[in-house]
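Heads up, model35.cif below (mmCIF, C-alpha atoms):
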```
data_entry
#
loop_
_atom_site.group_PDB
_atom_site.id
_atom_site.type_symbol
_atom_site.label_atom_id
_atom_site.label_comp_id
_atom_site.auth_asym_id
_atom_site.auth_seq_id
_atom_site.Cartn_x
_atom_site.Cartn_y
_atom_site.Cartn_z
ATOM 1 C CA MET B 8 96.654 71.708 50.325
ATOM 2 C CA VAL B 9 97.459 68.017 49.813
ATOM 3 C CA HIS B 10 96.493 65.823 52.778
ATOM 4 C CA SER B 11 98.819 62.818 53.181
ATOM 5 C CA PHE B 12 98.041 59.720 55.256
ATOM 6 C CA ILE B 13 100.933 57.660 56.666
ATOM 7 C CA THR B 14 100.447 54.216 58.179
ATOM 8 C CA GLY B 15 103.296 53.384 60.530
ATOM 9 C CA GLY B 16 103.941 57.101 60.745
ATOM 10 C CA ALA B 17 105.514 56.941 64.220
ATOM 11 C CA GLY B 18 108.226 54.577 63.025
ATOM 12 C CA PHE B 19 111.705 55.248 61.695
ATOM 13 C CA ILE B 20 110.796 55.879 58.052
ATOM 14 C CA GLY B 21 107.244 57.106 58.655
ATOM 15 C CA SER B 22 108.116 59.838 61.163
ATOM 16 C CA SER B 23 110.957 61.057 58.936
ATOM 17 C CA LEU B 24 108.503 61.216 56.042
ATOM 18 C CA ALA B 25 105.961 63.102 58.174
ATOM 19 C CA ASP B 26 108.534 65.794 58.915
ATOM 20 C CA ARG B 27 109.401 66.096 55.223
ATOM 21 C CA LEU B 28 105.791 66.397 54.104
ATOM 22 C CA LEU B 29 104.941 68.991 56.757
ATOM 23 C CA ALA B 30 107.983 71.014 55.692
ATOM 24 C CA GLU B 31 106.661 70.892 52.119
ATOM 25 C CA GLY B 32 103.377 72.444 53.254
ATOM 26 C CA ARG B 33 101.145 69.378 53.275
ATOM 27 C CA ARG B 34 98.643 68.245 55.871
ATOM 28 C CA VAL B 35 99.675 64.956 57.448
ATOM 29 C CA THR B 36 97.717 62.308 59.327
ATOM 30 C CA VAL B 37 99.836 59.666 61.035
ATOM 31 C CA TYR B 38 98.204 56.330 61.858
ATOM 32 C CA ASP B 39 100.168 53.999 64.143
ATOM 33 C CA ASN B 40 99.538 51.321 66.770
ATOM 34 C CA PHE B 41 102.863 52.115 68.504
ATOM 35 C CA SER B 42 103.947 48.490 68.643
ATOM 36 C CA THR B 43 107.369 49.685 67.523
ATOM 37 C CA GLY B 44 106.799 53.372 66.748
ATOM 38 C CA GLN B 45 107.894 56.064 69.184
ATOM 39 C CA GLU B 46 106.060 59.239 70.125
ATOM 40 C CA ARG B 47 109.459 60.878 70.593
ATOM 41 C CA PHE B 48 110.000 60.489 66.852
ATOM 42 C CA LEU B 49 106.992 62.788 66.347
ATOM 43 C CA GLU B 50 108.220 65.596 68.597
ATOM 44 C CA ASN B 51 108.761 67.884 65.609
ATOM 45 C CA ALA B 52 105.324 67.130 64.172
ATOM 46 C CA ILE B 53 103.102 67.179 67.257
ATOM 47 C CA GLY B 54 101.809 70.684 67.733
ATOM 48 C CA HIS B 55 102.096 71.542 64.037
ATOM 49 C CA PRO B 56 98.757 72.996 62.895
ATOM 50 C CA HIS B 57 98.603 70.647 59.903
ATOM 51 C CA PHE B 58 99.443 67.452 61.794
ATOM 52 C CA HIS B 59 97.011 64.865 63.168
ATOM 53 C CA LEU B 60 97.840 61.652 65.055
ATOM 54 C CA VAL B 61 95.605 58.586 65.252
ATOM 55 C CA HIS B 62 96.398 55.680 67.578
ATOM 56 C CA GLY B 63 95.113 52.746 65.569
ATOM 57 C CA ASP B 64 95.950 49.376 64.070
ATOM 58 C CA THR B 65 95.695 48.662 60.355
ATOM 59 C CA LEU B 66 93.572 45.613 61.238
ATOM 60 C CA GLU B 67 90.905 47.974 62.641
ATOM 61 C CA SER B 68 89.281 48.512 59.256
ATOM 62 C CA ASP B 69 86.454 50.841 60.398
ATOM 63 C CA LEU B 70 88.792 53.178 62.280
ATOM 64 C CA LEU B 71 91.256 53.081 59.394
ATOM 65 C CA THR B 72 88.562 54.059 56.891
ATOM 66 C CA ARG B 73 87.247 56.914 59.064
ATOM 67 C CA SER B 74 90.741 58.217 59.746
ATOM 68 C CA MET B 75 91.564 58.364 56.040
ATOM 69 C CA ALA B 76 88.678 60.716 55.191
ATOM 70 C CA ASP B 77 89.686 63.899 53.330
ATOM 71 C CA CYS B 78 93.124 62.521 52.392
ATOM 72 C CA GLN B 79 94.423 62.507 48.820
ATOM 73 C CA GLU B 80 97.364 60.107 49.067
ATOM 74 C CA VAL B 81 98.504 57.217 51.258
ATOM 75 C CA PHE B 82 101.974 56.122 52.264
ATOM 76 C CA HIS B 83 101.587 52.567 53.549
ATOM 77 C CA LEU B 84 104.652 51.920 55.712
ATOM 78 C CA ALA B 85 103.148 49.978 58.629
ATOM 79 C CA ALA B 86 104.317 46.363 58.775
ATOM 80 C CA ASN B 87 105.734 43.651 60.938
ATOM 81 C CA ALA B 88 109.416 43.971 60.066
ATOM 82 C CA ASP B 89 110.603 41.200 62.376
ATOM 83 C CA VAL B 90 112.180 39.227 59.550
ATOM 84 C CA ARG B 91 114.450 37.031 61.642
ATOM 85 C CA PHE B 92 111.712 35.431 63.738
ATOM 86 C CA GLY B 93 109.026 35.158 61.058
ATOM 87 C CA LEU B 94 108.893 31.371 61.282
ATOM 88 C CA ASP B 95 108.038 31.645 64.991
ATOM 89 C CA HIS B 96 104.805 33.535 64.269
ATOM 90 C CA PRO B 97 103.895 33.193 60.559
ATOM 91 C CA ARG B 98 100.359 34.504 61.043
ATOM 92 C CA LYS B 99 101.762 37.838 62.221
ATOM 93 C CA ASP B 100 103.257 38.525 58.783
ATOM 94 C CA LEU B 101 100.012 37.514 57.095
ATOM 95 C CA GLU B 102 97.958 39.832 59.286
ATOM 96 C CA GLN B 103 100.245 42.836 59.709
ATOM 97 C CA ASN B 104 101.648 42.866 56.181
ATOM 98 C CA THR B 105 99.171 41.273 53.766
ATOM 99 C CA LEU B 106 95.733 41.651 55.386
ATOM 100 C CA ALA B 107 96.688 45.118 56.596
ATOM 101 C CA THR B 108 97.532 46.109 53.015
ATOM 102 C CA PHE B 109 94.128 44.884 51.874
ATOM 103 C CA ASN B 110 92.488 46.993 54.606
ATOM 104 C CA VAL B 111 94.448 50.058 53.515
ATOM 105 C CA LEU B 112 93.413 49.587 49.897
ATOM 106 C CA GLU B 113 89.763 49.095 50.839
ATOM 107 C CA ALA B 114 89.824 52.215 53.027
ATOM 108 C CA MET B 115 91.265 54.109 50.068
ATOM 109 C CA ARG B 116 88.580 52.784 47.735
ATOM 110 C CA LYS B 117 85.812 53.786 50.121
ATOM 111 C CA ASN B 118 87.277 57.279 50.481
ATOM 112 C CA GLY B 119 87.960 57.789 46.774
ATOM 113 C CA ILE B 120 91.740 57.997 47.250
ATOM 114 C CA LYS B 121 93.719 56.909 44.197
ATOM 115 C CA SER B 122 97.426 57.208 45.104
ATOM 116 C CA VAL B 123 99.372 54.775 47.316
ATOM 117 C CA ALA B 124 103.079 54.357 48.043
ATOM 118 C CA PHE B 125 104.077 50.991 49.488
ATOM 119 C CA ALA B 126 107.204 50.033 51.408
ATOM 120 C CA SER B 127 108.136 46.647 49.985
ATOM 121 C CA THR B 128 111.529 44.958 50.198
ATOM 122 C CA GLY B 129 114.413 43.718 48.089
ATOM 123 C CA SER B 130 113.920 40.435 49.929
ATOM 124 C CA VAL B 131 111.135 39.550 47.473
ATOM 125 C CA TYR B 132 113.923 38.531 45.065
ATOM 126 C CA GLY B 133 114.882 35.728 47.461
ATOM 127 C CA GLU B 134 118.331 34.537 46.431
ATOM 128 C CA PRO B 135 118.482 35.729 42.804
ATOM 129 C CA GLU B 136 120.939 34.669 40.117
ATOM 130 C CA VAL B 137 121.400 38.151 38.614
ATOM 131 C CA PHE B 138 123.353 40.969 40.318
ATOM 132 C CA PRO B 139 122.653 43.790 40.532
ATOM 133 C CA THR B 140 119.065 42.557 40.542
ATOM 134 C CA PRO B 141 116.598 44.525 38.340
ATOM 135 C CA GLU B 142 112.894 45.057 38.976
ATOM 136 C CA ASP B 143 111.935 42.615 36.200
ATOM 137 C CA ALA B 144 114.050 39.741 37.533
ATOM 138 C CA PRO B 145 112.108 36.463 37.782
ATOM 139 C CA PHE B 146 111.007 35.689 41.310
ATOM 140 C CA PRO B 147 112.700 32.629 42.791
ATOM 141 C CA ILE B 148 111.413 30.615 45.730
ATOM 142 C CA GLN B 149 110.499 32.958 48.578
ATOM 143 C CA THR B 150 112.833 32.447 51.530
ATOM 144 C CA SER B 151 111.099 34.382 54.341
ATOM 145 C CA MET B 152 107.561 34.859 55.611
ATOM 146 C CA TYR B 153 108.198 38.615 55.610
ATOM 147 C CA ALA B 154 109.104 38.750 51.909
ATOM 148 C CA ALA B 155 106.242 36.429 50.964
ATOM 149 C CA SER B 156 103.729 38.638 52.777
ATOM 150 C CA LYS B 157 105.160 41.777 51.157
ATOM 151 C CA LEU B 158 104.988 40.223 47.703
ATOM 152 C CA ALA B 159 101.323 39.400 48.335
ATOM 153 C CA GLY B 160 100.795 43.054 49.279
ATOM 154 C CA GLU B 161 102.426 44.119 46.017
ATOM 155 C CA ALA B 162 100.040 41.889 44.086
ATOM 156 C CA LEU B 163 97.015 43.387 45.831
ATOM 157 C CA ILE B 164 98.170 46.912 44.995
ATOM 158 C CA GLN B 165 98.668 45.990 41.351
ATOM 159 C CA ALA B 166 95.173 44.484 41.204
ATOM 160 C CA TYR B 167 93.634 47.642 42.709
ATOM 161 C CA CYS B 168 95.551 49.762 40.214
ATOM 162 C CA GLU B 169 94.146 47.715 37.356
ATOM 163 C CA GLY B 170 90.644 47.354 38.768
ATOM 164 C CA TYR B 171 90.013 50.745 40.370
ATOM 165 C CA GLY B 172 92.400 53.066 38.554
ATOM 166 C CA PHE B 173 94.798 53.586 41.460
ATOM 167 C CA ALA B 174 98.316 54.911 40.987
ATOM 168 C CA GLY B 175 100.585 52.534 42.895
ATOM 169 C CA TYR B 176 104.201 53.122 43.838
ATOM 170 C CA ILE B 177 105.947 49.976 45.046
ATOM 171 C CA PHE B 178 109.391 50.579 46.506
ATOM 172 C CA ARG B 179 111.637 47.571 47.040
ATOM 173 C CA PHE B 180 113.994 48.874 49.681
ATOM 174 C CA VAL B 181 117.351 47.609 50.746
ATOM 175 C CA SER B 182 117.856 48.136 54.512
ATOM 176 C CA ILE B 183 117.366 51.804 55.382
ATOM 177 C CA LEU B 184 119.727 53.532 57.822
ATOM 178 C CA GLY B 185 119.873 56.906 59.553
ATOM 179 C CA GLU B 186 118.396 58.976 62.341
ATOM 180 C CA ARG B 187 115.535 57.256 64.259
ATOM 181 C CA TYR B 188 116.721 53.851 63.043
ATOM 182 C CA SER B 189 115.364 51.400 65.602
ATOM 183 C CA HIS B 190 115.912 47.836 64.369
ATOM 184 C CA GLY B 191 118.450 45.986 62.293
ATOM 185 C CA HIS B 192 122.114 45.115 62.423
ATOM 186 C CA VAL B 193 123.513 48.513 63.478
ATOM 187 C CA PHE B 194 120.992 48.650 66.315
ATOM 188 C CA ASP B 195 121.665 45.061 67.395
ATOM 189 C CA PHE B 196 125.445 45.452 67.287
ATOM 190 C CA SER B 197 125.298 48.786 69.133
ATOM 191 C CA LYS B 198 123.180 47.221 71.853
ATOM 192 C CA GLN B 199 125.549 44.272 72.234
ATOM 193 C CA LEU B 200 128.571 46.560 72.421
ATOM 194 C CA GLY B 201 126.839 48.820 74.936
ATOM 195 C CA GLN B 202 126.396 45.831 77.223
ATOM 196 C CA ASP B 203 129.906 44.429 76.663
ATOM 197 C CA PRO B 204 132.335 46.392 74.444
ATOM 198 C CA SER B 205 134.896 43.590 74.598
ATOM 199 C CA ARG B 206 133.015 41.091 72.435
ATOM 200 C CA LEU B 207 130.521 40.937 69.590
ATOM 201 C CA GLN B 208 128.633 37.931 68.219
ATOM 202 C CA ILE B 209 127.738 38.041 64.540
ATOM 203 C CA LEU B 210 125.038 35.832 63.036
ATOM 204 C CA GLY B 211 126.362 33.859 60.067
ATOM 205 C CA ASP B 212 129.968 33.993 58.912
ATOM 206 C CA GLY B 213 130.204 37.782 58.524
ATOM 207 C CA ALA B 214 130.837 37.476 54.786
ATOM 208 C CA GLN B 215 127.212 38.236 53.868
ATOM 209 C CA ARG B 216 127.118 41.082 51.362
ATOM 210 C CA LYS B 217 124.445 43.721 51.915
ATOM 211 C CA SER B 218 123.383 47.064 50.510
ATOM 212 C CA TYR B 219 122.050 49.941 52.621
ATOM 213 C CA LEU B 220 120.490 53.349 51.948
ATOM 214 C CA TYR B 221 120.353 56.531 54.034
ATOM 215 C CA ILE B 222 116.861 57.607 55.122
ATOM 216 C CA GLN B 223 116.837 61.057 53.530
ATOM 217 C CA ASP B 224 118.090 59.627 50.225
ATOM 218 C CA CYS B 225 115.272 57.089 50.441
ATOM 219 C CA LEU B 226 112.659 59.807 50.949
ATOM 220 C CA ASP B 227 114.098 61.861 48.077
ATOM 221 C CA ALA B 228 113.597 58.872 45.781
ATOM 222 C CA VAL B 229 110.057 58.106 46.967
ATOM 223 C CA LEU B 230 108.820 61.667 46.520
ATOM 224 C CA LEU B 231 110.532 62.083 43.150
ATOM 225 C CA ALA B 232 109.019 58.874 41.790
ATOM 226 C CA MET B 233 105.508 59.862 42.865
ATOM 227 C CA GLU B 234 105.871 63.237 41.188
ATOM 228 C CA ALA B 235 107.338 61.842 37.960
ATOM 229 C CA ARG B 236 105.031 58.837 37.446
ATOM 230 C CA PRO B 237 101.429 59.897 38.178
ATOM 231 C CA GLN B 238 99.582 56.847 36.867
ATOM 232 C CA GLY B 239 99.436 53.041 36.923
ATOM 233 C CA VAL B 240 101.756 50.565 38.614
ATOM 234 C CA ASN B 241 105.268 51.840 39.263
ATOM 235 C CA ILE B 242 107.904 49.548 40.782
ATOM 236 C CA PHE B 243 111.279 50.857 41.902
ATOM 237 C CA ASN B 244 114.296 49.296 43.553
ATOM 238 C CA LEU B 245 115.846 51.685 46.067
ATOM 239 C CA GLY B 246 119.459 51.256 47.118
ATOM 240 C CA THR B 247 122.988 52.379 46.434
ATOM 241 C CA ALA B 248 125.305 51.289 43.629
ATOM 242 C CA GLU B 249 127.495 49.445 46.134
ATOM 243 C CA TYR B 250 127.409 46.855 48.887
ATOM 244 C CA CYS B 251 129.548 45.855 51.847
ATOM 245 C CA GLN B 252 130.328 42.753 53.841
ATOM 246 C CA VAL B 253 128.851 42.515 57.316
ATOM 247 C CA THR B 254 132.369 42.544 58.766
ATOM 248 C CA GLN B 255 133.053 45.870 56.999
ATOM 249 C CA SER B 256 129.952 47.344 58.588
ATOM 250 C CA VAL B 257 131.113 46.017 61.967
ATOM 251 C CA GLU B 258 134.434 47.773 61.470
ATOM 252 C CA TRP B 259 132.709 51.106 60.777
ATOM 253 C CA ILE B 260 130.423 50.721 63.792
ATOM 254 C CA CYS B 261 133.357 49.907 66.064
ATOM 255 C CA GLN B 262 135.304 52.898 64.740
ATOM 256 C CA THR B 263 132.366 55.178 65.518
ATOM 257 C CA LEU B 264 131.836 53.740 69.009
ATOM 258 C CA ARG B 265 135.604 53.559 69.629
ATOM 259 C CA VAL B 266 135.629 49.935 70.700
ATOM 260 C CA SER B 267 137.730 46.932 69.641
ATOM 261 C CA PRO B 268 135.718 43.817 70.472
ATOM 262 C CA LYS B 269 136.667 40.218 69.867
ATOM 263 C CA LEU B 270 134.400 38.903 67.113
ATOM 264 C CA SER B 271 132.663 35.534 67.171
ATOM 265 C CA PHE B 272 130.478 34.010 64.450
ATOM 266 C CA THR B 273 127.615 31.532 64.497
ATOM 267 C CA GLY B 274 128.812 30.191 61.127
ATOM 268 C CA GLY B 275 127.237 29.423 57.769
ATOM 269 C CA GLN B 276 126.335 31.739 54.875
ATOM 270 C CA ARG B 277 123.107 32.854 56.562
ATOM 271 C CA GLY B 278 122.448 34.340 59.963
ATOM 272 C CA TRP B 279 118.939 32.836 60.004
ATOM 273 C CA VAL B 280 116.493 31.140 57.659
ATOM 274 C CA GLY B 281 115.619 33.694 54.979
ATOM 275 C CA ASP B 282 118.783 35.779 55.443
ATOM 276 C CA SER B 283 119.965 36.265 51.863
ATOM 277 C CA PRO B 284 123.773 36.106 51.710
ATOM 278 C CA PHE B 285 123.928 38.727 48.919
ATOM 279 C CA ILE B 286 121.587 41.676 48.360
ATOM 280 C CA PHE B 287 122.475 44.142 45.617
ATOM 281 C CA LEU B 288 119.743 45.873 43.604
ATOM 282 C CA ASP B 289 119.837 47.492 40.180
ATOM 283 C CA CYS B 290 118.493 51.010 40.788
ATOM 284 C CA SER B 291 118.886 52.377 37.254
ATOM 285 C CA ARG B 292 115.096 52.905 36.941
ATOM 286 C CA ILE B 293 114.942 55.473 39.765
ATOM 287 C CA ARG B 294 118.307 56.941 38.716
ATOM 288 C CA ALA B 295 116.856 57.585 35.246
ATOM 289 C CA LEU B 296 114.500 60.084 36.902
ATOM 290 C CA GLY B 297 117.508 62.092 38.117
ATOM 291 C CA TRP B 298 117.896 60.622 41.614
ATOM 292 C CA LYS B 299 121.146 59.585 43.200
ATOM 293 C CA PRO B 300 122.024 59.071 46.878
ATOM 294 C CA LYS B 301 124.028 61.717 48.683
ATOM 295 C CA LEU B 302 125.584 59.355 51.254
ATOM 296 C CA ASN B 303 127.491 56.154 50.605
ATOM 297 C CA ILE B 304 127.072 53.057 52.773
ATOM 298 C CA GLU B 305 130.008 53.780 55.065
ATOM 299 C CA GLU B 306 128.724 57.276 55.810
ATOM 300 C CA ALA B 307 125.205 55.959 56.427
ATOM 301 C CA VAL B 308 126.414 53.231 58.815
ATOM 302 C CA LYS B 309 128.599 55.635 60.801
ATOM 303 C CA ARG B 310 125.864 58.283 60.995
ATOM 304 C CA THR B 311 123.427 55.644 62.267
ATOM 305 C CA ALA B 312 125.849 54.366 64.902
ATOM 306 C CA ARG B 313 126.434 57.941 66.124
ATOM 307 C CA TYR B 314 122.703 58.541 66.356
ATOM 308 C CA ILE B 315 122.165 55.419 68.464
ATOM 309 C CA LYS B 316 125.090 56.332 70.713
ATOM 310 C CA GLU B 317 123.661 59.827 71.266
ATOM 311 C CA ASN B 318 120.127 58.478 71.833
ATOM 312 C CA SER B 319 120.724 55.554 74.174
ATOM 313 C CA TRP B 320 117.096 55.763 75.361
ATOM 314 C CA LEU B 321 116.178 53.963 72.140
ATOM 315 C CA LEU B 322 118.096 50.851 73.210
ATOM 316 C CA GLU B 323 115.972 50.658 76.337
ATOM 317 C CA ALA B 324 112.722 51.450 74.511
ATOM 318 C CA ARG B 325 112.990 48.176 72.545
#
```

Translate this structure into structure tokens?
Amino acid sequence: MVHSFITGGAGFIGSSLADRLLAEGRRVTVYDNFSTGQERFLENAIGHPHFHLVHGDTLESDLLTRSMADCQEVFHLAANADVRFGLDHPRKDLEQNTLATFNVLEAMRKNGIKSVAFASTGSVYGEPEVFPTPEDAPFPIQTSMYAASKLAGEALIQAYCEGYGFAGYIFRFVSILGERYSHGHVFDFSKQLGQDPSRLQILGDGAQRKSYLYIQDCLDAVLLAMEARPQGVNIFNLGTAEYCQVTQSVEWICQTLRVSPKLSFTGGQRGWVGDSPFIFLDCSRIRALGWKPKLNIEEAVKRTARYIKENSWLLEAR
């Protein structure tokens, strides 16, 4: 029986992955410091005979190494995902994203584990000149501390693949949506509208163009790629073959919540420093393996808004 190790396993993506892997008959160890993860996300997993939970931080290298014993593969999802305020605490991205990735790789090396999946980001492309943006696009100037720290993590994984024979799977996600979603624009807008359904402030000019992907489609792609490409460095963009304007997403959220707020905008092409005004990834590499998303962006946004509405406790938990 394969034993999978998930850092950040109590978070949105990690807990969803834990449920999938348990359903597939694997043993699962979740490792999380619960800075943003929720034990309620693990309700389906806790009590399962093949599930184990460790409260730990990826900066605790000794605990991380001990906890990874007997595992055969690692899904490294833990990170500081607070992109908007990265300039307020730049060391946090260095520690939680880059140094933590080094600790994960060292724990793997010490335990003889050779397979790692890494949650990177489409933000590493900065503000590219080519759309949709392919995996081999030249990297422009990095525009956020988050993306810079993730790109450094990618480089470390590639070096460990070359030096120690690891199989590395680097997934450059667009924003992921769906059940257990706990940060991002749908969450922020839902919280604003819950406090005052008559008005909504939007960062930027609302014309930013973004791509999103439903959580279960994301997990389908990750697991397929790891099965199809068993060796070396494997880099995949993950997203849909479409994008939407922020104002379109607002319209779908308002339809779902049945509100008609007055919109206000902070202005400018970007909501904050590092907010790319256009994100649209070329996902032909993962599609060539036979993957395609089941939900489009509108369906994913509406499903996410419904989930938040039905789980209002999450708004208070943050």

Practice problem: List the neighbours of B:Ile120 out to 9 Å using only C-alpha atoms; skip same-chain residues closer than 4 positions along the sequence, and give me the result as JSON, numbers by chain. | Solution: {"B": [75, 76, 77, 78, 79, 80, 81, 112, 114, 115, 116, 173]}

Self-check item: Output check: residues returned by the PyMOL selection byres ((chain B and resi 300) around 9), as JSON, numbers by chain
Solution: {"B": [220, 221, 223, 224, 225, 227, 228, 246, 247, 298, 299, 301, 302, 303]}

Quiz item: Which one of B:Ser267, B:Gly278, B:Ser156, B:Leu24 sits closest to B:Ala214 if you count all atoms listed in the file?
Solution: B:Gly278

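Atom CA of B:Asp100 to atom CA of B:Tyr153 spans 5.9 Å [interatomic distance, one decimal].
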
Exercise. Identify all residues satisfying the PyMOL selection byres ((chain B and resi 69-74) around 12) in the given file; provide them as a PyMOL selection string.
Key: chain B and resi 10-14+35-40+59-68+75-78+81+83+107-120

Quiz item: Residues at most 10 Å from stretch 143-146 of chain B, counting only C-alpha atoms, excluding those fewer than 6 positions away in the same chain, as a PyMOL selection string?
Solution: chain B and resi 131-137+158+242

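Here the question is which of B:Pro284, B:Gly191, B:Gly274, B:Gly211 gets nearest to B:Val90 using only C-alpha atoms, and that residue is B:Gly191.
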
Practice problem: Could you state which residues are captured by the PyMOL selection byres ((chain B and resi 249-260) around 9) in this file, as number ranges by chain? | Solution: B: 192-193, 196-197, 209, 212-219, 246-248, 261-267, 285-288, 303-306, 308-309, 311-313
